[in-house]
Amino acid sequence: MPDDSNGSLTEELAGLDFAAVSPEEFARIVKGLSGRQLGEVMRGDLRARVLGEVFGRMRQQFRPEAAGRLKALIRWRITGESDVVYETSIADGTCAVTRGRSEAEPRTTLVMGDADFLKLVSGNGNPVTMFMMRKLKVAGDVGLASGLTRYFDIPKA
């Protein structure tokens, strides 16, 4: 990825077909960008596309055998140019993802900025370290939040 100017980086990423990018390739892209660069490219339509693709893949990356009988609603609040909320509902060995805030009470809520979210879901960020450094805020069941990564196949860069 070029980093000579933010414009060319944003343009290059905007030209990507995120649906065709493998989780491992996505993890490598995120690993190669600084937190500042990640924040800069997560604007407007590109931000919506990236978040939509990441949350859209959660169903495929869900590990029902690891979740067992877990029943939980996880609310994700991603902060950046605006707050975006997604919810992940795990029940009966399935994972459903919806955009927006429901009336249901989540078992845990995770709040983080764009760059930290991308690092977390791409396997480039340690959730415990992020929590300790206050880059990841958790409301509700901290135990569930700390174990979430085991319920999903997280790519490695």
# chains A, B, ... in the order shown; residues from 1 in each chain; ligands from 1
$ select_by_dssp --residues "region 36-128 of chain A" --states "strand (DSSP E or B)" --output "ChimeraX atom specification"
/A:62,72-79,84-91,94-99,108-113
$ closest_residue --among "A:Glu25, A:Asp17, A:Asp114, A:Glu53" --to "Val84 (chain A)" --atoms "only C-alpha atoms"
A:Asp114
$ residues_around --residues "region 121-138 of chain A" --least-positions-apart "6" --cutoff "8 Å" --atoms "only C-alpha atoms" --output "list in words"
Pro23, Glu24, Phe26, Ala27, Val30, Lys31, Val54, Thr108, Thr109, Leu110, Val111, Met112, Gly113, Ala145, Ser146, Ile154, Pro155, Lys156 and Ala157 of chain A
$ residues_around --residues "Met58 (chain A)" --least-positions-apart "3" --cutoff "10 Å" --atoms "only C-alpha atoms" --output "list of chain:residue names"
A:Glu53, A:Val54, A:Phe55, A:Gln61, A:Phe62, A:Arg63, A:Thr88, A:Cys95, A:Ala96, A:Val97, A:Val121, A:Tyr151, A:Phe152, A:Asp153, A:Ile154
$ closest_residue --among "A:Asp116, A:Leu73, A:Gly140, A:Gly68" --to "Arg36 (chain A)" --atoms "only C-alpha atoms"
A:Asp116
$ atom_distance --atom1 "CA of Thr79 (chain A)" --atom2 "CA of Phe117 (chain A)"
9.1 Å
$ closest_residue --among "A:Gly143, A:Ile74, A:Ala67, A:Asp92" --to "Ala104 (chain A)" --atoms "only C-alpha atoms"
A:Ile74
$ closest_residue --among "A:Ala19, A:Val41, A:Leu120, A:Leu70" --to "Gly93 (chain A)" --atoms "only C-alpha atoms"
A:Leu70
$ closest_residue --among "A:Leu118, A:Ala66, A:Val21, A:Leu51" --to "Tyr86 (chain A)" --atoms "only C-alpha atoms"
A:Leu51
$ atom_distance --atom1 "CA of Trp76 (chain A)" --atom2 "CA of Glu40 (chain A)"
20.5 Å
$ atom_distance --atom1 "CA of Ser82 (chain A)" --atom2 "CA of Ala115 (chain A)"
13.4 Å
$ select_by_dssp --residues "chain A" --states "helix (DSSP H, G or I)" --output "PDB file with C-alpha atoms, in the first residue's frame"
ATOM      1  CA  ASN A   6      -3.428   9.902   2.004  1.00  0.00           C
ATOM      2  CA  GLY A   7      -5.350  10.615  -1.189  1.00  0.00           C
ATOM      3  CA  SER A   8      -3.724   7.784  -3.128  1.00  0.00           C
ATOM      4  CA  LEU A   9      -4.100   5.378  -0.206  1.00  0.00           C
ATOM      5  CA  THR A  10      -7.786   6.206   0.126  1.00  0.00           C
ATOM      6  CA  GLU A  11      -8.264   5.935  -3.635  1.00  0.00           C
ATOM      7  CA  GLU A  12      -6.485   2.569  -3.757  1.00  0.00           C
ATOM      8  CA  LEU A  13      -8.601   1.166  -0.930  1.00  0.00           C
ATOM      9  CA  ALA A  14     -11.769   2.674  -2.410  1.00  0.00           C
ATOM     10  CA  PHE A  18     -13.904  -5.897  -0.381  1.00  0.00           C
ATOM     11  CA  ALA A  19     -16.162  -8.880  -1.042  1.00  0.00           C
ATOM     12  CA  ALA A  20     -13.273 -10.431  -3.010  1.00  0.00           C
ATOM     13  CA  PRO A  23      -9.908 -12.342   5.612  1.00  0.00           C
ATOM     14  CA  GLU A  24      -6.154 -13.010   5.587  1.00  0.00           C
ATOM     15  CA  GLU A  25      -5.558 -10.370   2.903  1.00  0.00           C
ATOM     16  CA  PHE A  26      -7.704  -7.899   4.852  1.00  0.00           C
ATOM     17  CA  ALA A  27      -5.614  -8.630   7.965  1.00  0.00           C
ATOM     18  CA  ARG A  28      -2.411  -7.908   5.988  1.00  0.00           C
ATOM     19  CA  ILE A  29      -3.837  -4.605   4.687  1.00  0.00           C
ATOM     20  CA  VAL A  30      -4.790  -3.506   8.218  1.00  0.00           C
ATOM     21  CA  LYS A  31      -1.416  -4.605   9.615  1.00  0.00           C
ATOM     22  CA  GLY A  35      -3.678   3.856  13.283  1.00  0.00           C
ATOM     23  CA  ARG A  36      -3.672   7.341  11.778  1.00  0.00           C
ATOM     24  CA  GLN A  37      -3.935   5.945   8.239  1.00  0.00           C
ATOM     25  CA  LEU A  38      -6.750   3.602   9.260  1.00  0.00           C
ATOM     26  CA  GLY A  39      -8.631   6.529  10.779  1.00  0.00           C
ATOM     27  CA  GLU A  40      -8.107   8.627   7.663  1.00  0.00           C
ATOM     28  CA  VAL A  41      -9.425   6.046   5.223  1.00  0.00           C
ATOM     29  CA  GLY A  44     -17.786   8.319   4.112  1.00  0.00           C
ATOM     30  CA  ASP A  45     -18.693   5.581   1.666  1.00  0.00           C
ATOM     31  CA  LEU A  46     -15.426   3.673   2.176  1.00  0.00           C
ATOM     32  CA  ARG A  47     -16.090   3.429   5.924  1.00  0.00           C
ATOM     33  CA  ALA A  48     -19.634   2.158   5.317  1.00  0.00           C
ATOM     34  CA  ARG A  49     -18.360  -0.434   2.825  1.00  0.00           C
ATOM     35  CA  VAL A  50     -15.604  -1.703   5.125  1.00  0.00           C
ATOM     36  CA  LEU A  51     -17.850  -1.947   8.186  1.00  0.00           C
ATOM     37  CA  GLY A  52     -20.600  -3.600   6.145  1.00  0.00           C
ATOM     38  CA  GLU A  53     -18.193  -6.202   4.804  1.00  0.00           C
ATOM     39  CA  VAL A  54     -16.602  -6.924   8.205  1.00  0.00           C
ATOM     40  CA  PHE A  55     -19.944  -7.386   9.941  1.00  0.00           C
ATOM     41  CA  GLY A  56     -21.320  -9.260   6.924  1.00  0.00           C
ATOM     42  CA  ARG A  57     -18.550 -11.839   7.293  1.00  0.00           C
ATOM     43  CA  MET A  58     -19.148 -12.495  10.983  1.00  0.00           C
ATOM     44  CA  ARG A  59     -21.736 -15.155  10.151  1.00  0.00           C
ATOM     45  CA  GLN A  60     -19.237 -17.068   8.001  1.00  0.00           C
ATOM     46  CA  GLN A  61     -16.462 -16.716  10.564  1.00  0.00           C
ATOM     47  CA  PRO A  64     -20.789 -22.702  16.473  1.00  0.00           C
ATOM     48  CA  GLU A  65     -18.833 -25.560  18.077  1.00  0.00           C
ATOM     49  CA  ALA A  66     -16.973 -23.028  20.243  1.00  0.00           C
ATOM     50  CA  ALA A  67     -20.139 -21.136  21.176  1.00  0.00           C
ATOM     51  CA  ASP A 114     -12.508   2.787  13.705  1.00  0.00           C
ATOM     52  CA  ALA A 115      -8.786   1.965  13.750  1.00  0.00           C
ATOM     53  CA  ASP A 116      -9.025  -0.108  16.934  1.00  0.00           C
ATOM     54  CA  PHE A 117     -12.065  -1.981  15.615  1.00  0.00           C
ATOM     55  CA  LEU A 118     -10.220  -2.877  12.405  1.00  0.00           C
ATOM     56  CA  LYS A 119      -7.175  -4.010  14.385  1.00  0.00           C
ATOM     57  CA  LEU A 120      -9.360  -6.166  16.644  1.00  0.00           C
ATOM     58  CA  VAL A 121     -11.363  -7.916  13.909  1.00  0.00           C
ATOM     59  CA  PRO A 127      -8.420  -7.283  23.075  1.00  0.00           C
ATOM     60  CA  VAL A 128      -7.033  -7.469  26.632  1.00  0.00           C
ATOM     61  CA  THR A 129      -4.300  -4.931  25.877  1.00  0.00           C
ATOM     62  CA  MET A 130      -6.798  -2.701  24.082  1.00  0.00           C
ATOM     63  CA  PHE A 131      -9.117  -2.872  27.109  1.00  0.00           C
ATOM     64  CA  MET A 132      -6.288  -2.100  29.542  1.00  0.00           C
ATOM     65  CA  VAL A 142     -16.738  -8.302  30.661  1.00  0.00           C
ATOM     66  CA  GLY A 143     -16.150 -12.075  30.807  1.00  0.00           C
ATOM     67  CA  LEU A 144     -18.171 -12.598  27.625  1.00  0.00           C
ATOM     68  CA  ALA A 145     -16.379  -9.705  25.935  1.00  0.00           C
ATOM     69  CA  SER A 146     -12.960 -11.098  26.862  1.00  0.00           C
ATOM     70  CA  GLY A 147     -13.799 -14.466  25.287  1.00  0.00           C
ATOM     71  CA  LEU A 148     -15.514 -13.288  22.115  1.00  0.00           C
ATOM     72  CA  THR A 149     -12.533 -13.965  19.872  1.00  0.00           C
ATOM     73  CA  ARG A 150     -12.798 -17.717  20.500  1.00  0.00           C
ATOM     74  CA  TYR A 151     -16.256 -17.758  18.871  1.00  0.00           C
TER      75      TYR A 151
END
